[in-house]
Amino acid sequence: MKLFGHPYSGHALKVKFFLAWLEIEHQYECVDIFSERSTRSDEFLKASKFSEVPTLIDDGQCYIQSNAILVYLSDKFRQFKNSNEKQKCLEWLVWEANKIGMCLPQLRANEKLSKTYPEFRLSQGAHDWLSIRYKHDVGVLDKELADKSFILGNSISPADFSLSAYLMYSDEVSIEVPQNVERWLDRLRKQKGWQSPYEMLKG
Ligand SMILES: N[C@@H](CCC(=O)N[C@@H](CS)C(=O)NCC(=O)O)C(=O)O
């Protein structure tokens with residue numbers, strides 16, 4: 001199994017942390033996501049339909065889209081207790097892609113990357129809108145986590161790896177992380193395989 005990722009990529013962090021937690025041995029290659037797409041390695045370009053990380057190669061098949069990769073790995077390594085748990089997990093994975101994953105990465109890129117890469121700079125209007133969205137989305141998570149250790153209850157699920165990924169970089173962006181979410185992130189940082197994102201995803 002081989003994973004392509006990059007230290008800045010919360011999308012890649014979801015998969016890397018999940019593999020570490022599952023204790024699955026794998027090869028890892030860091031792709032320069034700021035390079036011209038056509039200059040990336042042939043192996044990566046062939047495997048990655050949209051030339052994005054994360055991309056996973058396993059048994060000669062190529063897998064893309066972080067949340068879809070989490071589902072593939074969960075099925076392969078039997079992480080869903082039953083179909084109801086899988087369904088609940090899918091609901092959160094879709095929510096992540098459309099909610100927290102559609103405001104926090106953009107706010108972070110604006111603060112962390114836009115000096116070097118102006119294409120990540122947000123207009124004031126876009127920034128304000130995404131900030132309002134973040135506050136709402138993180139509020140939803142905080143409410144959910146008020147009376148449980150993990151998003152589906154008392155045990156960790158693939159959805160936790162997805163929902164937490166960009167929040168693990170929250171010190172790089174001027175946002176507030178509410179209490180229940182912060183406690184949940186600490187719980188995740190205590191899981192096996194955890195290292196800081198930059199350590200986990202370094203080349
Ligand atoms: N929806 C995708 C998003 C993947 C994505 O946007 N990857 C970024 C890094 S976070 C990337 O590879 N960017 C490089 C590029 O687009 O050339 C997922 O969930 O995996």
# chains A, B, ... in the order shown; residues from 1 in each chain; ligands from 1
call {"tool": "residues_around", "arguments": {"residues": "segment 108-112 of chain A", "least_positions_apart": "6", "cutoff": "6 Å", "atoms": "only C-alpha atoms", "output": "ChimeraX atom specification"}}
result
/A:120-121,173
call {"tool": "write_last_selection", "arguments": {"atoms": "C-alpha atoms", "output": "PDB file, in the first residue's frame"}}
result
ATOM      1  CA  PHE A 120      -5.201  31.555  -1.847  1.00  0.00           C
ATOM      2  CA  ARG A 121      -6.039  35.155  -0.847  1.00  0.00           C
ATOM      3  CA  VAL A 173      -5.497  30.358  11.715  1.00  0.00           C
TER       4      VAL A 173
END
call {"tool": "residues_around", "arguments": {"residues": "Asn67 of chain A", "least_positions_apart": "4", "cutoff": "9 Å", "atoms": "only C-alpha atoms", "output": "ChimeraX atom specification"}}
result
/A:11,14-15,71-72,90,93-94,96-97,158-159,162
call {"tool": "residues_around", "arguments": {"residues": "Lys2 of chain A", "least_positions_apart": "6", "cutoff": "12 Å", "atoms": "only C-alpha atoms", "output": "JSON, numbers by chain"}}
result
{"A": [15, 16, 19, 24, 25, 26, 27, 28, 29, 30, 43, 44, 47, 53, 54, 55, 56, 57, 58, 59, 60, 61, 62, 63]}
call {"tool": "write_last_selection", "arguments": {"atoms": "N, CA and C atoms", "output": "PDB file, in the first residue's frame"}}
result
ATOM      1  N   VAL A  15      -6.102  10.436   6.246  1.00  0.00           N
ATOM      2  CA  VAL A  15      -5.749   9.073   5.838  1.00  0.00           C
ATOM      3  C   VAL A  15      -4.485   8.607   6.562  1.00  0.00           C
ATOM      4  N   LYS A  16      -3.518   9.517   6.658  1.00  0.00           N
ATOM      5  CA  LYS A  16      -2.237   9.124   7.286  1.00  0.00           C
ATOM      6  C   LYS A  16      -2.458   8.752   8.753  1.00  0.00           C
ATOM      7  N   LEU A  19      -4.321   5.392   8.993  1.00  0.00           N
ATOM      8  CA  LEU A  19      -3.418   4.251   8.735  1.00  0.00           C
ATOM      9  C   LEU A  19      -2.516   4.002   9.943  1.00  0.00           C
ATOM     10  N   ILE A  24      -1.239   0.021  10.023  1.00  0.00           N
ATOM     11  CA  ILE A  24      -1.059  -0.583   8.706  1.00  0.00           C
ATOM     12  C   ILE A  24       0.266  -0.091   8.126  1.00  0.00           C
ATOM     13  N   GLU A  25       1.142  -1.016   7.860  1.00  0.00           N
ATOM     14  CA  GLU A  25       2.414  -0.624   7.234  1.00  0.00           C
ATOM     15  C   GLU A  25       2.152  -0.150   5.824  1.00  0.00           C
ATOM     16  N   HIS A  26       2.810   0.922   5.421  1.00  0.00           N
ATOM     17  CA  HIS A  26       2.600   1.439   4.062  1.00  0.00           C
ATOM     18  C   HIS A  26       3.789   2.303   3.664  1.00  0.00           C
ATOM     19  N   GLN A  27       3.907   2.458   2.345  1.00  0.00           N
ATOM     20  CA  GLN A  27       4.917   3.404   1.858  1.00  0.00           C
ATOM     21  C   GLN A  27       4.268   4.780   1.851  1.00  0.00           C
ATOM     22  N   TYR A  28       5.094   5.809   1.970  1.00  0.00           N
ATOM     23  CA  TYR A  28       4.543   7.173   1.937  1.00  0.00           C
ATOM     24  C   TYR A  28       5.422   8.045   1.049  1.00  0.00           C
ATOM     25  N   GLU A  29       4.789   8.819   0.190  1.00  0.00           N
ATOM     26  CA  GLU A  29       5.550   9.759  -0.647  1.00  0.00           C
ATOM     27  C   GLU A  29       4.923  11.147  -0.560  1.00  0.00           C
ATOM     28  N   CYS A  30       5.789  12.119  -0.321  1.00  0.00           N
ATOM     29  CA  CYS A  30       5.325  13.502  -0.246  1.00  0.00           C
ATOM     30  C   CYS A  30       5.335  14.096  -1.658  1.00  0.00           C
ATOM     31  N   GLU A  43       4.110   8.132 -11.668  1.00  0.00           N
ATOM     32  CA  GLU A  43       3.343   7.191 -10.826  1.00  0.00           C
ATOM     33  C   GLU A  43       2.163   7.925 -10.176  1.00  0.00           C
ATOM     34  N   PHE A  44       2.447   9.121  -9.669  1.00  0.00           N
ATOM     35  CA  PHE A  44       1.387   9.887  -9.005  1.00  0.00           C
ATOM     36  C   PHE A  44       0.331  10.338 -10.013  1.00  0.00           C
ATOM     37  N   ALA A  47      -1.912   7.605 -10.965  1.00  0.00           N
ATOM     38  CA  ALA A  47      -2.773   7.095  -9.885  1.00  0.00           C
ATOM     39  C   ALA A  47      -3.858   8.086  -9.486  1.00  0.00           C
ATOM     40  N   VAL A  53      -3.582  15.185  -3.532  1.00  0.00           N
ATOM     41  CA  VAL A  53      -3.379  14.305  -2.380  1.00  0.00           C
ATOM     42  C   VAL A  53      -4.581  14.471  -1.467  1.00  0.00           C
ATOM     43  N   PRO A  54      -4.954  13.426  -0.739  1.00  0.00           N
ATOM     44  CA  PRO A  54      -4.321  12.111  -0.710  1.00  0.00           C
ATOM     45  C   PRO A  54      -4.728  11.257  -1.902  1.00  0.00           C
ATOM     46  N   THR A  55      -3.787  10.378  -2.273  1.00  0.00           N
ATOM     47  CA  THR A  55      -4.059   9.306  -3.240  1.00  0.00           C
ATOM     48  C   THR A  55      -3.458   8.040  -2.637  1.00  0.00           C
ATOM     49  N   LEU A  56      -4.195   6.954  -2.765  1.00  0.00           N
ATOM     50  CA  LEU A  56      -3.735   5.690  -2.194  1.00  0.00           C
ATOM     51  C   LEU A  56      -3.671   4.658  -3.315  1.00  0.00           C
ATOM     52  N   ILE A  57      -2.600   3.880  -3.333  1.00  0.00           N
ATOM     53  CA  ILE A  57      -2.538   2.730  -4.245  1.00  0.00           C
ATOM     54  C   ILE A  57      -2.520   1.483  -3.370  1.00  0.00           C
ATOM     55  N   ASP A  58      -3.425   0.566  -3.665  1.00  0.00           N
ATOM     56  CA  ASP A  58      -3.463  -0.682  -2.898  1.00  0.00           C
ATOM     57  C   ASP A  58      -3.842  -1.822  -3.837  1.00  0.00           C
ATOM     58  N   ASP A  59      -3.055  -2.867  -3.820  1.00  0.00           N
ATOM     59  CA  ASP A  59      -3.300  -4.034  -4.689  1.00  0.00           C
ATOM     60  C   ASP A  59      -3.545  -3.614  -6.134  1.00  0.00           C
ATOM     61  N   GLY A  60      -2.771  -2.639  -6.612  1.00  0.00           N
ATOM     62  CA  GLY A  60      -2.851  -2.214  -8.005  1.00  0.00           C
ATOM     63  C   GLY A  60      -4.028  -1.312  -8.328  1.00  0.00           C
ATOM     64  N   GLN A  61      -4.858  -1.004  -7.329  1.00  0.00           N
ATOM     65  CA  GLN A  61      -5.990  -0.088  -7.565  1.00  0.00           C
ATOM     66  C   GLN A  61      -5.663   1.283  -6.977  1.00  0.00           C
ATOM     67  N   CYS A  62      -6.221   2.317  -7.598  1.00  0.00           N
ATOM     68  CA  CYS A  62      -5.948   3.678  -7.130  1.00  0.00           C
ATOM     69  C   CYS A  62      -7.193   4.252  -6.448  1.00  0.00           C
ATOM     70  N   TYR A  63      -6.982   4.922  -5.339  1.00  0.00           N
ATOM     71  CA  TYR A  63      -8.094   5.477  -4.567  1.00  0.00           C
ATOM     72  C   TYR A  63      -7.829   6.950  -4.302  1.00  0.00           C
TER      73      TYR A  63
END
call {"tool": "residues_near_ligand", "arguments": {"ligand": "ligand 1", "cutoff": "8 Å", "atoms": "only C-alpha atoms and all ligand atoms", "output": "number ranges by chain"}}
result
A: 5-6, 8-12, 32-37, 50-55, 64-68, 97, 105
call {"tool": "atom_distance", "arguments": {"atom1": "atom CA of Ile69 of chain A", "atom2": "atom CA of Glu91 of chain A"}}
result
15.1 Å
call {"tool": "select_by_dssp", "arguments": {"residues": "chain A", "states": "alpha helix (DSSP H)", "output": "JSON, numbers by chain"}}
result
{"A": [10, 11, 12, 13, 14, 15, 16, 17, 18, 19, 20, 21, 22, 42, 43, 44, 45, 46, 47, 66, 67, 68, 69, 70, 71, 72, 73, 74, 75, 76, 83, 84, 85, 86, 87, 88, 89, 90, 91, 92, 93, 94, 95, 96, 97, 98, 104, 105, 106, 107, 108, 109, 110, 111, 112, 113, 124, 125, 126, 127, 128, 129, 130, 131, 132, 133, 134, 135, 136, 137, 138, 139, 140, 141, 142, 143, 144, 158, 159, 160, 161, 162, 163, 164, 179, 180, 181, 182, 183, 184, 185, 186, 187, 188, 189, 197, 198, 199, 200]}
call {"tool": "write_last_selection", "arguments": {"atoms": "C-alpha atoms", "output": "mmCIF file, in the first residue's frame"}}
result
data_model
loop_
_atom_site.group_PDB
_atom_site.id
_atom_site.type_symbol
_atom_site.label_atom_id
_atom_site.label_comp_id
_atom_site.auth_asym_id
_atom_site.auth_seq_id
_atom_site.Cartn_x
_atom_site.Cartn_y
_atom_site.Cartn_z
ATOM 1 C CA GLY A 10 -5.499 18.094 6.187
ATOM 2 C CA HIS A 11 -7.115 15.866 3.574
ATOM 3 C CA ALA A 12 -3.955 13.737 3.561
ATOM 4 C CA LEU A 13 -3.765 13.886 7.374
ATOM 5 C CA LYS A 14 -7.132 12.110 7.657
ATOM 6 C CA VAL A 15 -5.749 9.073 5.838
ATOM 7 C CA LYS A 16 -2.237 9.124 7.286
ATOM 8 C CA PHE A 17 -3.494 9.285 10.875
ATOM 9 C CA PHE A 18 -6.087 6.569 10.197
ATOM 10 C CA LEU A 19 -3.418 4.251 8.735
ATOM 11 C CA ALA A 20 -1.158 4.947 11.724
ATOM 12 C CA TRP A 21 -4.017 4.262 14.127
ATOM 13 C CA LEU A 22 -4.832 1.019 12.311
ATOM 14 C CA ASP A 42 4.386 9.652 -13.518
ATOM 15 C CA GLU A 43 3.343 7.191 -10.826
ATOM 16 C CA PHE A 44 1.387 9.887 -9.005
ATOM 17 C CA LEU A 45 -0.175 11.382 -12.141
ATOM 18 C CA LYS A 46 -1.301 7.951 -13.285
ATOM 19 C CA ALA A 47 -2.773 7.095 -9.885
ATOM 20 C CA SER A 66 -9.956 11.496 1.449
ATOM 21 C CA ASN A 67 -13.344 10.492 2.843
ATOM 22 C CA ALA A 68 -13.837 7.819 0.166
ATOM 23 C CA ILE A 69 -10.384 6.459 1.048
ATOM 24 C CA LEU A 70 -11.414 6.294 4.731
ATOM 25 C CA VAL A 71 -14.445 4.225 3.717
ATOM 26 C CA TYR A 72 -12.307 1.929 1.543
ATOM 27 C CA LEU A 73 -9.867 1.333 4.411
ATOM 28 C CA SER A 74 -12.659 0.888 6.936
ATOM 29 C CA ASP A 75 -14.284 -1.789 4.784
ATOM 30 C CA LYS A 76 -10.976 -3.498 4.087
ATOM 31 C CA SER A 83 -24.432 -1.281 8.507
ATOM 32 C CA ASN A 84 -26.081 1.255 10.800
ATOM 33 C CA GLU A 85 -22.704 2.408 12.098
ATOM 34 C CA LYS A 86 -21.406 2.668 8.533
ATOM 35 C CA GLN A 87 -24.434 4.749 7.554
ATOM 36 C CA LYS A 88 -23.969 7.129 10.524
ATOM 37 C CA CYS A 89 -20.308 7.450 9.654
ATOM 38 C CA LEU A 90 -21.102 8.231 6.000
ATOM 39 C CA GLU A 91 -23.462 10.988 7.120
ATOM 40 C CA TRP A 92 -20.631 12.702 9.007
ATOM 41 C CA LEU A 93 -18.151 12.186 6.160
ATOM 42 C CA VAL A 94 -20.510 13.912 3.734
ATOM 43 C CA TRP A 95 -21.205 16.636 6.300
ATOM 44 C CA GLU A 96 -17.458 17.199 6.725
ATOM 45 C CA ALA A 97 -16.834 17.604 3.008
ATOM 46 C CA ASN A 98 -19.616 20.144 2.662
ATOM 47 C CA LEU A 104 -11.673 25.927 7.556
ATOM 48 C CA PRO A 105 -9.135 24.843 4.867
ATOM 49 C CA GLN A 106 -9.874 28.027 2.915
ATOM 50 C CA LEU A 107 -9.523 30.289 5.983
ATOM 51 C CA ARG A 108 -6.248 28.587 6.866
ATOM 52 C CA ALA A 109 -4.852 28.799 3.329
ATOM 53 C CA ASN A 110 -5.688 32.507 3.274
ATOM 54 C CA GLU A 111 -3.673 33.104 6.453
ATOM 55 C CA LYS A 112 -0.866 30.629 5.969
ATOM 56 C CA LEU A 113 -0.254 30.579 2.252
ATOM 57 C CA GLN A 124 -12.968 40.459 2.629
ATOM 58 C CA GLY A 125 -16.468 39.333 1.655
ATOM 59 C CA ALA A 126 -15.430 35.730 1.106
ATOM 60 C CA HIS A 127 -13.427 35.767 4.342
ATOM 61 C CA ASP A 128 -16.370 37.073 6.359
ATOM 62 C CA TRP A 129 -18.746 34.559 4.829
ATOM 63 C CA LEU A 130 -16.428 31.608 5.457
ATOM 64 C CA SER A 131 -15.820 32.804 9.035
ATOM 65 C CA ILE A 132 -19.568 32.832 9.688
ATOM 66 C CA ARG A 133 -19.823 29.355 8.210
ATOM 67 C CA TYR A 134 -16.916 28.085 10.348
ATOM 68 C CA LYS A 135 -18.520 29.444 13.540
ATOM 69 C CA HIS A 136 -21.754 27.699 12.706
ATOM 70 C CA ASP A 137 -20.144 24.384 11.700
ATOM 71 C CA VAL A 138 -17.784 24.172 14.665
ATOM 72 C CA GLY A 139 -20.773 25.032 16.869
ATOM 73 C CA VAL A 140 -22.631 22.028 15.462
ATOM 74 C CA LEU A 141 -19.649 19.814 16.299
ATOM 75 C CA ASP A 142 -19.336 21.300 19.780
ATOM 76 C CA LYS A 143 -22.982 20.568 20.547
ATOM 77 C CA GLU A 144 -22.644 17.000 19.259
ATOM 78 C CA PRO A 158 -13.413 6.886 10.753
ATOM 79 C CA ALA A 159 -15.550 10.044 10.925
ATOM 80 C CA ASP A 160 -13.430 11.353 13.810
ATOM 81 C CA PHE A 161 -10.320 11.213 11.617
ATOM 82 C CA SER A 162 -12.079 13.177 8.911
ATOM 83 C CA LEU A 163 -13.788 15.817 11.051
ATOM 84 C CA SER A 164 -10.692 16.571 13.127
ATOM 85 C CA GLN A 179 -14.330 23.628 24.581
ATOM 86 C CA ASN A 180 -15.953 20.300 23.699
ATOM 87 C CA VAL A 181 -14.182 20.263 20.345
ATOM 88 C CA GLU A 182 -10.837 21.072 21.991
ATOM 89 C CA ARG A 183 -11.290 18.219 24.488
ATOM 90 C CA TRP A 184 -12.174 15.814 21.665
ATOM 91 C CA LEU A 185 -9.041 16.897 19.730
ATOM 92 C CA ASP A 186 -6.979 16.181 22.851
ATOM 93 C CA ARG A 187 -8.585 12.746 23.086
ATOM 94 C CA LEU A 188 -7.629 12.093 19.465
ATOM 95 C CA ARG A 189 -4.063 13.293 20.068
ATOM 96 C CA PRO A 197 0.595 16.763 11.201
ATOM 97 C CA TYR A 198 4.000 18.007 10.024
ATOM 98 C CA GLU A 199 5.737 15.042 11.602
ATOM 99 C CA MET A 200 3.234 12.533 10.279
#
call {"tool": "select_by_dssp", "arguments": {"residues": "segment 16-50 of chain A", "states": "strand (DSSP E)", "output": "number ranges by chain"}}
result
A: 27-30
call {"tool": "atom_distance", "arguments": {"atom1": "atom CA of Ile151 of chain A", "atom2": "atom CA of Phe4 of chain A"}}
result
26.9 Å
call {"tool": "closest_residue", "arguments": {"among": "A:Ser170, A:Ile156, A:Tyr117, A:Pro7", "to": "Lys192 of chain A", "atoms": "only C-alpha atoms"}}
result
A:Ile156
call {"tool": "atom_distance", "arguments": {"atom1": "atom CA of Trp194 of chain A", "atom2": "atom CA of Leu3 of chain A"}}
result
16.8 Å
call {"tool": "decode", "arguments": {"residues": "segment 84-131 of chain A", "atoms": "C-alpha atoms", "output": "short mmCIF file (atom, residue, chain, number, x, y, z; two decimals), in the first residue's frame"}}
result
data_model
loop_
_atom_site.label_atom_id
_atom_site.label_comp_id
_atom_site.auth_asym_id
_atom_site.auth_seq_id
_atom_site.Cartn_x
_atom_site.Cartn_y
_atom_site.Cartn_z
CA ASN A 84 -26.08 1.25 10.80
CA GLU A 85 -22.70 2.41 12.10
CA LYS A 86 -21.41 2.67 8.53
CA GLN A 87 -24.43 4.75 7.55
CA LYS A 88 -23.97 7.13 10.52
CA CYS A 89 -20.31 7.45 9.65
CA LEU A 90 -21.10 8.23 6.00
CA GLU A 91 -23.46 10.99 7.12
CA TRP A 92 -20.63 12.70 9.01
CA LEU A 93 -18.15 12.19 6.16
CA VAL A 94 -20.51 13.91 3.73
CA TRP A 95 -21.21 16.64 6.30
CA GLU A 96 -17.46 17.20 6.72
CA ALA A 97 -16.83 17.60 3.01
CA ASN A 98 -19.62 20.14 2.66
CA LYS A 99 -19.32 22.01 5.98
CA ILE A 100 -16.15 22.25 8.10
CA GLY A 101 -14.10 21.06 5.11
CA MET A 102 -15.50 23.90 3.00
CA CYS A 103 -14.55 26.80 5.23
CA LEU A 104 -11.67 25.93 7.56
CA PRO A 105 -9.14 24.84 4.87
CA GLN A 106 -9.87 28.03 2.92
CA LEU A 107 -9.52 30.29 5.98
CA ARG A 108 -6.25 28.59 6.87
CA ALA A 109 -4.85 28.80 3.33
CA ASN A 110 -5.69 32.51 3.27
CA GLU A 111 -3.67 33.10 6.45
CA LYS A 112 -0.87 30.63 5.97
CA LEU A 113 -0.25 30.58 2.25
CA SER A 114 -1.54 33.70 0.56
CA LYS A 115 1.65 35.74 1.09
CA THR A 116 3.57 33.22 -1.00
CA TYR A 117 0.69 32.02 -3.18
CA PRO A 118 -1.70 34.91 -3.91
CA GLU A 119 -4.25 32.54 -5.42
CA PHE A 120 -5.20 31.56 -1.85
CA ARG A 121 -6.04 35.15 -0.85
CA LEU A 122 -9.69 35.65 0.05
CA SER A 123 -11.58 38.87 -0.56
CA GLN A 124 -12.97 40.46 2.63
CA GLY A 125 -16.47 39.33 1.65
CA ALA A 126 -15.43 35.73 1.11
CA HIS A 127 -13.43 35.77 4.34
CA ASP A 128 -16.37 37.07 6.36
CA TRP A 129 -18.75 34.56 4.83
CA LEU A 130 -16.43 31.61 5.46
CA SER A 131 -15.82 32.80 9.04
#
